[in-house]
Amino acid sequence: MMPTVPKRVAWRRAAAAVAAGALPCLAFPAPALWWFAYVALVPWMLLLRSAPTGRRAALEGWLGGAGFVVAVHHWLFPSLHVFLLVLAALLGVLWIPFALMVRELLGGTPSGARAAAALVLVPSAWLLSELARSWQGLGGPWGLLGASQWQVAPALRLASVGGVWLVGLAVVAVNCAVALLIAVPGARAPAVAGATGCAVLAGVMWAWAPRPEISGGLRVAVVQPGPVPDGPDAAERRFAVGEELTRSLAGQHPDLVVWGESSVGEDLTGRPDLARRLAGLSERVGAPLLVNVDARAADRPGIRKTAVLVGPAGPTGDHYDKMRLVPFGEYVPARALLGWATSVGKAADENRVPGSAQVLMDLPGRADVRLGPLVCFESAFPDMSRHLALDGAALLIDQSATSSFQDSWAPAQHASLSALRAAETGRPMVHATLTGISEVRGPSGELIGPALSTSAREARVYEVPLARGTTPYVRFGDWPVGAALAALAAYCAAAGARSVRLGTRLGTPAGTPLPEPLGKRSGEPPGN
């Protein structure tokens, strides 16, 4: 007989699951309590390990996952309204495997071997949920747990070896070890060994992982026009502010000037006057401008967001169309089914047209420098910056605009991603926005110069160090993902083989449920 949970207790556990799932949000900007990430999952794990049934653990994993999504993305409420709750409910399902793994391996009184396995398999199950929701159609890899360590130098070194995925695995492993220390006194040896192993791994990576080899520098100017009041002429007024700020760079000898996302509101082919104004700015400051056009193209259908390089003679011909669009913000997935989202929030009335391929741009006057452009949301995807570095980019540039979420955690969360992408690729990264936070990161993820806050209206020149060499992450890619999936596959295969052997021993067909006493976990009462 399956154990039952009194309704009052069930509701309390459900509320606790939502709250526990939301706790990790405090490790991300703006609170940025990076150290909290190493224990933030412990309350949720302790709750899941005590779930009386697998079904209950799955429910609490779903609720905790939904709580995590809402907490990390709460700043989307003004745009999505109640639809954010719908998305959270859908995405919360992705944490069910993690919940079941926690209950299976940490529940009851696990043996030393099971506790040791938990330190590998529980982080792998967490990574599985992150990998699934990293698909663009499910919102993309925003809020990956490893990204909470953007300001921790040893973690950034770890990212250069295995990307944000390896950092996330280490963070969850420490949480798992702490949960074992608290709840299972008999498993303290593997728990201490696991936590120590993570610390040793970070130390080894710090000593062994190759450091970027500095090879020259580049003077890059970031132009941040700041907030501009809404209105029919807002795009023109923003352009004028950017124009004025760029003029102030004359005499400072930048090698490149970068404007933010949607900094130009009209297609340059249809507005040659704007193209001439930009060309004049380039001639005045003595450097090309990388601007971003958010408009309906005059020579092709649809609205695109396009990074365009402009020199003294006008657009150079180098341009990049944003490939990965923001769900609901720039397009509505399955619009025929989900188009109603436009009536309850600020979802896109018309789908933007995505680009088809990443590009590298040659920097005029610097044959040794190729630019790797990204647009806004794309800086969340580690594979995009990796491919640019692999193809030869010397400088990564992310043009962004978070003015819709100006007073929220979003600008700080977005800016923090540049540290991860720089560390992973060993390439400096410029994060240029319309309204802040704009910043520049060196090839190890370190901050270069002061960031431009959300209240700044400024043009600033940064001395950006360039680097050569290839990080292990760029060379070998997402190998931690492959290792985690292999570990989960091996565990599932071993569990399946064990089920077949036990079924055969009992004379039952494979797949027939076994009597509960044979399948129960060590230390559990009958029926759990």
# chains A, B, ... in the order shown; residues from 1 in each chain; ligands from 1

$ residues_around --residues "stretch 422-430 of chain A" --least-positions-apart "5" --cutoff "8 Å" --atoms "only C-alpha atoms" --output "PDB file with all heavy atoms, in the first residue's frame"
ATOM      1  N   LEU A 156      36.056  30.853 -12.858  1.00  0.00           N
ATOM      2  CA  LEU A 156      36.258  31.266 -14.244  1.00  0.00           C
ATOM      3  C   LEU A 156      37.355  30.433 -14.899  1.00  0.00           C
ATOM      4  O   LEU A 156      37.280  30.109 -16.089  1.00  0.00           O
ATOM      5  CB  LEU A 156      36.598  32.752 -14.316  1.00  0.00           C
ATOM      6  CG  LEU A 156      35.462  33.706 -13.926  1.00  0.00           C
ATOM      7  CD1 LEU A 156      35.941  35.145 -13.934  1.00  0.00           C
ATOM      8  CD2 LEU A 156      34.259  33.538 -14.851  1.00  0.00           C
ATOM      9  N   ARG A 157      38.375  30.081 -14.131  1.00  0.00           N
ATOM     10  CA  ARG A 157      39.416  29.200 -14.668  1.00  0.00           C
ATOM     11  C   ARG A 157      38.823  27.827 -14.987  1.00  0.00           C
ATOM     12  O   ARG A 157      39.160  27.194 -15.996  1.00  0.00           O
ATOM     13  CB  ARG A 157      40.562  29.075 -13.658  1.00  0.00           C
ATOM     14  CG  ARG A 157      41.756  28.276 -14.157  1.00  0.00           C
ATOM     15  CD  ARG A 157      42.436  28.911 -15.353  1.00  0.00           C
ATOM     16  NE  ARG A 157      42.819  30.288 -15.070  1.00  0.00           N
ATOM     17  CZ  ARG A 157      43.919  30.626 -14.392  1.00  0.00           C
ATOM     18  NH1 ARG A 157      44.725  29.684 -13.944  1.00  0.00           N
ATOM     19  NH2 ARG A 157      44.207  31.876 -14.186  1.00  0.00           N
ATOM     20  N   ALA A 159      35.794  27.335 -15.868  1.00  0.00           N
ATOM     21  CA  ALA A 159      34.990  27.534 -17.077  1.00  0.00           C
ATOM     22  C   ALA A 159      35.854  27.471 -18.329  1.00  0.00           C
ATOM     23  O   ALA A 159      35.395  27.030 -19.388  1.00  0.00           O
ATOM     24  CB  ALA A 159      34.266  28.873 -17.003  1.00  0.00           C
ATOM     25  N   SER A 160      37.110  27.893 -18.244  1.00  0.00           N
ATOM     26  CA  SER A 160      37.989  27.831 -19.410  1.00  0.00           C
ATOM     27  C   SER A 160      38.302  26.396 -19.806  1.00  0.00           C
ATOM     28  O   SER A 160      38.707  26.135 -20.937  1.00  0.00           O
ATOM     29  CB  SER A 160      39.293  28.589 -19.139  1.00  0.00           C
ATOM     30  OG  SER A 160      40.144  27.871 -18.260  1.00  0.00           O
ATOM     31  N   VAL A 161      38.093  25.464 -18.880  1.00  0.00           N
ATOM     32  CA  VAL A 161      38.364  24.050 -19.146  1.00  0.00           C
ATOM     33  C   VAL A 161      37.105  23.320 -19.619  1.00  0.00           C
ATOM     34  O   VAL A 161      37.145  22.548 -20.585  1.00  0.00           O
ATOM     35  CB  VAL A 161      38.920  23.360 -17.883  1.00  0.00           C
ATOM     36  CG1 VAL A 161      39.102  21.861 -18.120  1.00  0.00           C
ATOM     37  CG2 VAL A 161      40.233  24.000 -17.475  1.00  0.00           C
ATOM     38  N   GLY A 162      35.981  23.562 -18.938  1.00  0.00           N
ATOM     39  CA  GLY A 162      34.759  22.829 -19.278  1.00  0.00           C
ATOM     40  C   GLY A 162      33.533  23.694 -19.421  1.00  0.00           C
ATOM     41  O   GLY A 162      32.413  23.168 -19.401  1.00  0.00           O
ATOM     42  N   GLY A 163      33.715  24.986 -19.561  1.00  0.00           N
ATOM     43  CA  GLY A 163      32.574  25.866 -19.747  1.00  0.00           C
ATOM     44  C   GLY A 163      31.748  26.026 -18.483  1.00  0.00           C
ATOM     45  O   GLY A 163      32.084  25.511 -17.413  1.00  0.00           O
ATOM     46  N   VAL A 164      30.666  26.738 -18.621  1.00  0.00           N
ATOM     47  CA  VAL A 164      29.768  26.964 -17.488  1.00  0.00           C
ATOM     48  C   VAL A 164      29.203  25.649 -16.966  1.00  0.00           C
ATOM     49  O   VAL A 164      28.839  25.527 -15.797  1.00  0.00           O
ATOM     50  CB  VAL A 164      28.635  27.929 -17.908  1.00  0.00           C
ATOM     51  CG1 VAL A 164      27.700  27.272 -18.927  1.00  0.00           C
ATOM     52  CG2 VAL A 164      27.846  28.430 -16.706  1.00  0.00           C
ATOM     53  N   ARG A 211      46.778  29.861 -19.141  1.00  0.00           N
ATOM     54  CA  ARG A 211      46.299  31.238 -19.063  1.00  0.00           C
ATOM     55  C   ARG A 211      46.405  31.898 -20.435  1.00  0.00           C
ATOM     56  O   ARG A 211      47.336  31.604 -21.189  1.00  0.00           O
ATOM     57  CB  ARG A 211      47.103  32.034 -18.032  1.00  0.00           C
ATOM     58  CG  ARG A 211      46.812  31.636 -16.593  1.00  0.00           C
ATOM     59  CD  ARG A 211      47.834  32.256 -15.641  1.00  0.00           C
ATOM     60  NE  ARG A 211      47.428  32.133 -14.251  1.00  0.00           N
ATOM     61  CZ  ARG A 211      47.536  31.035 -13.527  1.00  0.00           C
ATOM     62  NH1 ARG A 211      48.046  29.952 -14.080  1.00  0.00           N
ATOM     63  NH2 ARG A 211      47.149  31.010 -12.270  1.00  0.00           N
ATOM     64  N   PRO A 212      45.473  32.791 -20.756  1.00  0.00           N
ATOM     65  CA  PRO A 212      45.563  33.474 -22.046  1.00  0.00           C
ATOM     66  C   PRO A 212      46.877  34.234 -22.166  1.00  0.00           C
ATOM     67  O   PRO A 212      47.343  34.864 -21.216  1.00  0.00           O
ATOM     68  CB  PRO A 212      44.372  34.439 -22.005  1.00  0.00           C
ATOM     69  CG  PRO A 212      43.417  33.846 -21.011  1.00  0.00           C
ATOM     70  CD  PRO A 212      44.277  33.179 -19.986  1.00  0.00           C
ATOM     71  N   PRO A 382      26.745  29.526 -24.612  1.00  0.00           N
ATOM     72  CA  PRO A 382      28.202  29.328 -24.664  1.00  0.00           C
ATOM     73  C   PRO A 382      28.689  28.787 -25.998  1.00  0.00           C
ATOM     74  O   PRO A 382      29.831  29.035 -26.382  1.00  0.00           O
ATOM     75  CB  PRO A 382      28.475  28.348 -23.516  1.00  0.00           C
ATOM     76  CG  PRO A 382      27.159  27.721 -23.190  1.00  0.00           C
ATOM     77  CD  PRO A 382      26.110  28.720 -23.545  1.00  0.00           C
ATOM     78  N   SER A 385      29.668  31.805 -28.672  1.00  0.00           N
ATOM     79  CA  SER A 385      30.963  32.464 -28.487  1.00  0.00           C
ATOM     80  C   SER A 385      32.104  31.485 -28.730  1.00  0.00           C
ATOM     81  O   SER A 385      33.161  31.860 -29.264  1.00  0.00           O
ATOM     82  CB  SER A 385      31.054  33.072 -27.088  1.00  0.00           C
ATOM     83  OG  SER A 385      30.743  32.117 -26.094  1.00  0.00           O
ATOM     84  N   ARG A 386      31.908  30.226 -28.367  1.00  0.00           N
ATOM     85  CA  ARG A 386      32.945  29.218 -28.615  1.00  0.00           C
ATOM     86  C   ARG A 386      33.207  29.074 -30.109  1.00  0.00           C
ATOM     87  O   ARG A 386      34.366  29.019 -30.549  1.00  0.00           O
ATOM     88  CB  ARG A 386      32.529  27.874 -28.021  1.00  0.00           C
ATOM     89  CG  ARG A 386      33.478  26.738 -28.373  1.00  0.00           C
ATOM     90  CD  ARG A 386      33.087  25.409 -27.761  1.00  0.00           C
ATOM     91  NE  ARG A 386      33.963  24.374 -28.279  1.00  0.00           N
ATOM     92  CZ  ARG A 386      33.643  23.538 -29.268  1.00  0.00           C
ATOM     93  NH1 ARG A 386      32.450  23.601 -29.836  1.00  0.00           N
ATOM     94  NH2 ARG A 386      34.514  22.641 -29.689  1.00  0.00           N
ATOM     95  N   ALA A 389      35.206  32.002 -31.412  1.00  0.00           N
ATOM     96  CA  ALA A 389      36.614  31.905 -31.036  1.00  0.00           C
ATOM     97  C   ALA A 389      37.324  30.834 -31.864  1.00  0.00           C
ATOM     98  O   ALA A 389      38.467  31.017 -32.297  1.00  0.00           O
ATOM     99  CB  ALA A 389      36.741  31.602 -29.544  1.00  0.00           C
ATOM    100  N   ALA A 393      37.938  34.606 -34.014  1.00  0.00           N
ATOM    101  CA  ALA A 393      37.607  35.917 -33.453  1.00  0.00           C
ATOM    102  C   ALA A 393      38.645  36.322 -32.408  1.00  0.00           C
ATOM    103  O   ALA A 393      38.994  35.532 -31.530  1.00  0.00           O
ATOM    104  CB  ALA A 393      36.213  35.902 -32.826  1.00  0.00           C
ATOM    105  N   ALA A 394      39.111  37.559 -32.495  1.00  0.00           N
ATOM    106  CA  ALA A 394      40.036  38.091 -31.488  1.00  0.00           C
ATOM    107  C   ALA A 394      39.294  38.876 -30.422  1.00  0.00           C
ATOM    108  O   ALA A 394      39.789  39.032 -29.304  1.00  0.00           O
ATOM    109  CB  ALA A 394      41.077  38.982 -32.159  1.00  0.00           C
ATOM    110  N   LEU A 395      38.119  39.393 -30.771  1.00  0.00           N
ATOM    111  CA  LEU A 395      37.313  40.181 -29.840  1.00  0.00           C
ATOM    112  C   LEU A 395      35.850  39.799 -30.008  1.00  0.00           C
ATOM    113  O   LEU A 395      35.323  39.813 -31.130  1.00  0.00           O
ATOM    114  CB  LEU A 395      37.485  41.683 -30.115  1.00  0.00           C
ATOM    115  CG  LEU A 395      36.622  42.644 -29.292  1.00  0.00           C
ATOM    116  CD1 LEU A 395      37.028  42.590 -27.820  1.00  0.00           C
ATOM    117  CD2 LEU A 395      36.728  44.070 -29.824  1.00  0.00           C
ATOM    118  N   LEU A 396      35.204  39.438 -28.896  1.00  0.00           N
ATOM    119  CA  LEU A 396      33.773  39.150 -28.895  1.00  0.00           C
ATOM    120  C   LEU A 396      33.022  40.419 -28.518  1.00  0.00           C
ATOM    121  O   LEU A 396      33.441  41.152 -27.621  1.00  0.00           O
ATOM    122  CB  LEU A 396      33.446  38.037 -27.901  1.00  0.00           C
ATOM    123  CG  LEU A 396      34.173  36.701 -28.106  1.00  0.00           C
ATOM    124  CD1 LEU A 396      33.836  35.741 -26.965  1.00  0.00           C
ATOM    125  CD2 LEU A 396      33.811  36.079 -29.452  1.00  0.00           C
ATOM    126  N   ILE A 397      31.927  40.675 -29.199  1.00  0.00           N
ATOM    127  CA  ILE A 397      31.122  41.871 -28.928  1.00  0.00           C
ATOM    128  C   ILE A 397      29.660  41.470 -28.806  1.00  0.00           C
ATOM    129  O   ILE A 397      29.125  40.789 -29.692  1.00  0.00           O
ATOM    130  CB  ILE A 397      31.278  42.911 -30.051  1.00  0.00           C
ATOM    131  CG1 ILE A 397      32.741  43.339 -30.201  1.00  0.00           C
ATOM    132  CG2 ILE A 397      30.392  44.123 -29.790  1.00  0.00           C
ATOM    133  CD1 ILE A 397      33.000  44.222 -31.404  1.00  0.00           C
ATOM    134  N   ASP A 398      29.043  41.884 -27.726  1.00  0.00           N
ATOM    135  CA  ASP A 398      27.608  41.647 -27.538  1.00  0.00           C
ATOM    136  C   ASP A 398      26.904  42.992 -27.467  1.00  0.00           C
ATOM    137  O   ASP A 398      27.142  43.781 -26.549  1.00  0.00           O
ATOM    138  CB  ASP A 398      27.346  40.849 -26.257  1.00  0.00           C
ATOM    139  CG  ASP A 398      25.860  40.595 -26.052  1.00  0.00           C
ATOM    140  OD1 ASP A 398      25.185  40.211 -27.022  1.00  0.00           O
ATOM    141  OD2 ASP A 398      25.370  40.783 -24.917  1.00  0.00           O
ATOM    142  N   SER A 438      26.815  48.418 -19.227  1.00  0.00           N
ATOM    143  CA  SER A 438      27.822  48.113 -20.245  1.00  0.00           C
ATOM    144  C   SER A 438      29.144  47.841 -19.537  1.00  0.00           C
ATOM    145  O   SER A 438      29.474  48.517 -18.556  1.00  0.00           O
ATOM    146  CB  SER A 438      27.996  49.283 -21.202  1.00  0.00           C
ATOM    147  OG  SER A 438      26.800  49.585 -21.889  1.00  0.00           O
ATOM    148  N   GLU A 439      29.892  46.869 -20.041  1.00  0.00           N
ATOM    149  CA  GLU A 439      31.185  46.577 -19.435  1.00  0.00           C
ATOM    150  C   GLU A 439      32.078  45.840 -20.412  1.00  0.00           C
ATOM    151  O   GLU A 439      31.616  45.322 -21.440  1.00  0.00           O
ATOM    152  CB  GLU A 439      31.022  45.762 -18.148  1.00  0.00           C
ATOM    153  CG  GLU A 439      30.443  44.379 -18.333  1.00  0.00           C
ATOM    154  CD  GLU A 439      30.356  43.616 -17.012  1.00  0.00           C
ATOM    155  OE1 GLU A 439      30.106  44.243 -15.972  1.00  0.00           O
ATOM    156  OE2 GLU A 439      30.560  42.387 -17.043  1.00  0.00           O
ATOM    157  N   VAL A 440      33.345  45.778 -20.079  1.00  0.00           N
ATOM    158  CA  VAL A 440      34.340  45.089 -20.895  1.00  0.00           C
ATOM    159  C   VAL A 440      35.059  44.076 -20.015  1.00  0.00           C
ATOM    160  O   VAL A 440      35.462  44.390 -18.887  1.00  0.00           O
ATOM    161  CB  VAL A 440      35.350  46.078 -21.505  1.00  0.00           C
ATOM    162  CG1 VAL A 440      36.428  45.342 -22.292  1.00  0.00           C
ATOM    163  CG2 VAL A 440      34.631  47.087 -22.397  1.00  0.00           C
ATOM    164  N   ARG A 441      35.228  42.877 -20.532  1.00  0.00           N
ATOM    165  CA  ARG A 441      35.913  41.802 -19.808  1.00  0.00           C
ATOM    166  C   ARG A 441      37.167  41.382 -20.560  1.00  0.00           C
ATOM    167  O   ARG A 441      37.167  41.269 -21.791  1.00  0.00           O
ATOM    168  CB  ARG A 441      34.985  40.596 -19.650  1.00  0.00           C
ATOM    169  CG  ARG A 441      33.796  40.865 -18.738  1.00  0.00           C
ATOM    170  CD  ARG A 441      34.193  40.764 -17.284  1.00  0.00           C
ATOM    171  NE  ARG A 441      33.150  41.247 -16.375  1.00  0.00           N
ATOM    172  CZ  ARG A 441      33.209  41.128 -15.066  1.00  0.00           C
ATOM    173  NH1 ARG A 441      34.262  40.537 -14.496  1.00  0.00           N
ATOM    174  NH2 ARG A 441      32.248  41.607 -14.297  1.00  0.00           N
ATOM    175  N   GLY A 442      38.228  41.113 -19.809  1.00  0.00           N
ATOM    176  CA  GLY A 442      39.475  40.645 -20.393  1.00  0.00           C
ATOM    177  C   GLY A 442      39.401  39.168 -20.721  1.00  0.00           C
ATOM    178  O   GLY A 442      38.407  38.488 -20.424  1.00  0.00           O
ATOM    179  N   PRO A 443      40.448  38.595 -21.316  1.00  0.00           N
ATOM    180  CA  PRO A 443      40.422  37.207 -21.773  1.00  0.00           C
ATOM    181  C   PRO A 443      40.347  36.160 -20.665  1.00  0.00           C
ATOM    182  O   PRO A 443      40.128  34.986 -20.953  1.00  0.00           O
ATOM    183  CB  PRO A 443      41.719  37.064 -22.579  1.00  0.00           C
ATOM    184  CG  PRO A 443      42.583  38.190 -22.134  1.00  0.00           C
ATOM    185  CD  PRO A 443      41.674  39.287 -21.730  1.00  0.00           C
ATOM    186  N   SER A 444      40.509  36.560 -19.406  1.00  0.00           N
ATOM    187  CA  SER A 444      40.303  35.628 -18.289  1.00  0.00           C
ATOM    188  C   SER A 444      38.982  35.892 -17.575  1.00  0.00           C
ATOM    189  O   SER A 444      38.706  35.302 -16.539  1.00  0.00           O
ATOM    190  CB  SER A 444      41.459  35.731 -17.294  1.00  0.00           C
ATOM    191  OG  SER A 444      42.663  35.284 -17.879  1.00  0.00           O
ATOM    192  N   GLY A 445      38.189  36.793 -18.121  1.00  0.00           N
ATOM    193  CA  GLY A 445      36.918  37.143 -17.495  1.00  0.00           C
ATOM    194  C   GLY A 445      37.010  38.301 -16.532  1.00  0.00           C
ATOM    195  O   GLY A 445      36.005  38.682 -15.916  1.00  0.00           O
ATOM    196  N   VAL A 464      41.640  47.373 -24.258  1.00  0.00           N
ATOM    197  CA  VAL A 464      41.251  45.958 -24.209  1.00  0.00           C
ATOM    198  C   VAL A 464      42.439  45.082 -24.572  1.00  0.00           C
ATOM    199  O   VAL A 464      42.970  45.184 -25.693  1.00  0.00           O
ATOM    200  CB  VAL A 464      40.083  45.692 -25.176  1.00  0.00           C
ATOM    201  CG1 VAL A 464      39.643  44.230 -25.086  1.00  0.00           C
ATOM    202  CG2 VAL A 464      38.911  46.617 -24.873  1.00  0.00           C
ATOM    203  N   PRO A 465      42.882  44.217 -23.668  1.00  0.00           N
ATOM    204  CA  PRO A 465      43.992  43.315 -23.998  1.00  0.00           C
ATOM    205  C   PRO A 465      43.512  42.186 -24.907  1.00  0.00           C
ATOM    206  O   PRO A 465      42.486  41.561 -24.643  1.00  0.00           O
ATOM    207  CB  PRO A 465      44.429  42.776 -22.627  1.00  0.00           C
ATOM    208  CG  PRO A 465      43.193  42.861 -21.789  1.00  0.00           C
ATOM    209  CD  PRO A 465      42.412  44.052 -22.275  1.00  0.00           C
ATOM    210  N   LEU A 466      44.246  41.944 -25.958  1.00  0.00           N
ATOM    211  CA  LEU A 466      43.960  40.814 -26.840  1.00  0.00           C
ATOM    212  C   LEU A 466      44.796  39.617 -26.407  1.00  0.00           C
ATOM    213  O   LEU A 466      45.814  39.772 -25.718  1.00  0.00           O
ATOM    214  CB  LEU A 466      44.270  41.187 -28.292  1.00  0.00           C
ATOM    215  CG  LEU A 466      43.492  42.388 -28.853  1.00  0.00           C
ATOM    216  CD1 LEU A 466      43.937  42.673 -30.286  1.00  0.00           C
ATOM    217  CD2 LEU A 466      41.993  42.153 -28.786  1.00  0.00           C
ATOM    218  N   ALA A 467      44.381  38.436 -26.797  1.00  0.00           N
ATOM    219  CA  ALA A 467      45.092  37.225 -26.378  1.00  0.00           C
ATOM    220  C   ALA A 467      45.116  36.217 -27.507  1.00  0.00           C
ATOM    221  O   ALA A 467      44.249  36.217 -28.391  1.00  0.00           O
ATOM    222  CB  ALA A 467      44.426  36.618 -25.142  1.00  0.00           C
ATOM    223  N   ARG A 468      46.107  35.347 -27.473  1.00  0.00           N
ATOM    224  CA  ARG A 468      46.159  34.248 -28.429  1.00  0.00           C
ATOM    225  C   ARG A 468      46.179  32.934 -27.664  1.00  0.00           C
ATOM    226  O   ARG A 468      46.333  32.901 -26.454  1.00  0.00           O
ATOM    227  CB  ARG A 468      47.368  34.372 -29.342  1.00  0.00           C
ATOM    228  CG  ARG A 468      48.711  34.437 -28.638  1.00  0.00           C
ATOM    229  CD  ARG A 468      49.843  34.334 -29.661  1.00  0.00           C
ATOM    230  NE  ARG A 468      51.132  34.601 -29.019  1.00  0.00           N
ATOM    231  CZ  ARG A 468      51.828  35.708 -29.190  1.00  0.00           C
ATOM    232  NH1 ARG A 468      51.353  36.667 -29.972  1.00  0.00           N
ATOM    233  NH2 ARG A 468      52.994  35.875 -28.574  1.00  0.00           N
ATOM    234  N   GLY A 469      46.038  31.859 -28.402  1.00  0.00           N
ATOM    235  CA  GLY A 469      45.949  30.546 -27.761  1.00  0.00           C
ATOM    236  C   GLY A 469      44.514  30.064 -27.740  1.00  0.00           C
ATOM    237  O   GLY A 469      43.571  30.816 -28.039  1.00  0.00           O
ATOM    238  N   THR A 470      44.346  28.818 -27.364  1.00  0.00           N
ATOM    239  CA  THR A 470      43.027  28.185 -27.357  1.00  0.00           C
ATOM    240  C   THR A 470      42.775  27.555 -26.001  1.00  0.00           C
ATOM    241  O   THR A 470      43.604  26.788 -25.501  1.00  0.00           O
ATOM    242  CB  THR A 470      42.940  27.092 -28.443  1.00  0.00           C
ATOM    243  OG1 THR A 470      43.257  27.672 -29.718  1.00  0.00           O
ATOM    244  CG2 THR A 470      41.543  26.502 -28.505  1.00  0.00           C
ATOM    245  N   THR A 471      41.653  27.866 -25.391  1.00  0.00           N
ATOM    246  CA  THR A 471      41.318  27.257 -24.103  1.00  0.00           C
ATOM    247  C   THR A 471      40.874  25.810 -24.317  1.00  0.00           C
ATOM    248  O   THR A 471      40.409  25.439 -25.404  1.00  0.00           O
ATOM    249  CB  THR A 471      40.183  28.024 -23.413  1.00  0.00           C
ATOM    250  OG1 THR A 471      38.982  27.896 -24.197  1.00  0.00           O
ATOM    251  CG2 THR A 471      40.513  29.487 -23.223  1.00  0.00           C
ATOM    252  N   TYR A 473      38.212  24.520 -23.268  1.00  0.00           N
ATOM    253  CA  TYR A 473      36.792  24.501 -23.603  1.00  0.00           C
ATOM    254  C   TYR A 473      36.573  24.750 -25.091  1.00  0.00           C
ATOM    255  O   TYR A 473      35.752  24.080 -25.730  1.00  0.00           O
ATOM    256  CB  TYR A 473      36.025  25.537 -22.791  1.00  0.00           C
ATOM    257  CG  TYR A 473      34.563  25.604 -23.201  1.00  0.00           C
ATOM    258  CD1 TYR A 473      33.703  24.534 -22.927  1.00  0.00           C
ATOM    259  CD2 TYR A 473      34.055  26.702 -23.881  1.00  0.00           C
ATOM    260  CE1 TYR A 473      32.381  24.572 -23.323  1.00  0.00           C
ATOM    261  CE2 TYR A 473      32.737  26.748 -24.280  1.00  0.00           C
ATOM    262  CZ  TYR A 473      31.895  25.677 -23.994  1.00  0.00           C
ATOM    263  OH  TYR A 473      30.597  25.709 -24.407  1.00  0.00           O
ATOM    264  N   VAL A 474      37.302  25.695 -25.662  1.00  0.00           N
ATOM    265  CA  VAL A 474      37.159  25.943 -27.098  1.00  0.00           C
ATOM    266  C   VAL A 474      37.613  24.727 -27.890  1.00  0.00           C
ATOM    267  O   VAL A 474      36.976  24.335 -28.881  1.00  0.00           O
ATOM    268  CB  VAL A 474      37.960  27.198 -27.506  1.00  0.00           C
ATOM    269  CG1 VAL A 474      38.045  27.322 -29.026  1.00  0.00           C
ATOM    270  CG2 VAL A 474      37.307  28.447 -26.925  1.00  0.00           C
TER     271      VAL A 474
END

$ select_by_dssp --residues "stretch 118-245 of chain A" --states "alpha helix (DSSP H)" --output "number ranges by chain"
A: 118-133, 153-183, 188-208, 234-245

$ closest_residue --among "A:Arg271, A:Arg103, A:His414, A:Arg352" --to "A:Ala30" --atoms "only C-alpha atoms"
A:His414

$ residues_around --residues "A:Gly112" --least-positions-apart "4" --cutoff "12 Å" --atoms "only C-alpha atoms" --output "number ranges by chain"
A: 105-106, 116-119, 180, 184-194, 522

$ residues_around --residues "A:Ala22" --least-positions-apart "3" --cutoff "6 Å" --atoms "only C-alpha atoms" --output "list in words"
Ala19, Cys25, Gly67, Phe68 and Ala71 of chain A

$ write_last_selection --atoms "C-alpha atoms" --output "compact mmCIF listing (two decimals), in the first residue's frame"
# COMPACT_ATOMS: atom_id res chain seq x y z
CA ALA A 19 10.37 28.32 -1.76
CA CYS A 25 18.16 33.12 -7.33
CA GLY A 67 9.83 28.30 -8.24
CA PHE A 68 13.36 28.54 -9.62
CA ALA A 71 12.53 33.64 -9.03

$ residues_around --residues "stretch 491-496 of chain A" --least-positions-apart "3" --cutoff "10 Å" --atoms "only C-alpha atoms" --output "list of chain:residue names"
A:Ala117, A:Leu121, A:Leu485, A:Ala486, A:Ala487, A:Leu488, A:Ser499, A:Val500, A:Arg501, A:Leu502, A:Ala510, A:Gly511

$ write_last_selection --atoms "C-alpha atoms" --output "PDB file, in the first residue's frame"
ATOM      1  CA  ALA A 117      27.457   7.769  -6.666  1.00  0.00           C
ATOM      2  CA  LEU A 121      24.727  11.420 -10.565  1.00  0.00           C
ATOM      3  CA  LEU A 485      24.994  12.044 -19.892  1.00  0.00           C
ATOM      4  CA  ALA A 486      27.278   9.004 -20.050  1.00  0.00           C
ATOM      5  CA  ALA A 487      27.157   8.668 -16.249  1.00  0.00           C
ATOM      6  CA  LEU A 488      23.361   8.840 -16.269  1.00  0.00           C
ATOM      7  CA  SER A 499      15.851  -5.274 -12.571  1.00  0.00           C
ATOM      8  CA  VAL A 500      16.110  -7.972 -15.242  1.00  0.00           C
ATOM      9  CA  ARG A 501      18.306 -10.167 -13.025  1.00  0.00           C
ATOM     10  CA  LEU A 502      15.967  -9.840 -10.053  1.00  0.00           C
ATOM     11  CA  ALA A 510      11.349  -8.214 -17.223  1.00  0.00           C
ATOM     12  CA  GLY A 511       9.564  -4.956 -16.493  1.00  0.00           C
TER      13      GLY A 511
END

$ residues_around --residues "A:Leu281" --least-positions-apart "6" --cutoff "12 Å" --atoms "only C-alpha atoms" --output "list in words"
Ala240, Gly242, Glu243, Glu244, Leu245, Thr246, Arg247, Ser248, Leu249, Ala250, Leu256, Val257, Leu274, Ala275, Ala287, Pro288, Leu289, Leu290, Val291, Val310, Gly311, Pro312, Ala313 and Gly314 of chain A

$ residues_around --residues "stretch 222-236 of chain A" --least-positions-apart "2" --cutoff "8 Å" --atoms "only C-alpha atoms" --output "PyMOL selection string"
chain A and resi 220+238-242+245-246+257-260+263-265+403+432-436+438+452+454-462

$ closest_residue --among "A:Ile448, A:Ser418, A:Leu360, A:Asn292" --to "A:Gln399" --atoms "only C-alpha atoms"
A:Asn292

$ closest_residue --among "A:Met45, A:Ser134, A:Leu76, A:Ala173" --to "A:Ala99" --atoms "only C-alpha atoms"
A:Met45

$ select_by_dssp --residues "stretch 267-362 of chain A" --states "strand (DSSP E or B)" --output "list in words"
Leu289, Leu290, Val291, Asn292, Val293, Asp294, Ala295, Arg296, Ile303, Arg304, Lys305, Thr306, Ala307, Val308, Leu309, Val310, Gly311, Gly314, Pro315, Thr316, Gly317, Asp318, His319, Tyr320, Asp321, Pro327, Tyr331, Met361 and Asp362 of chain A
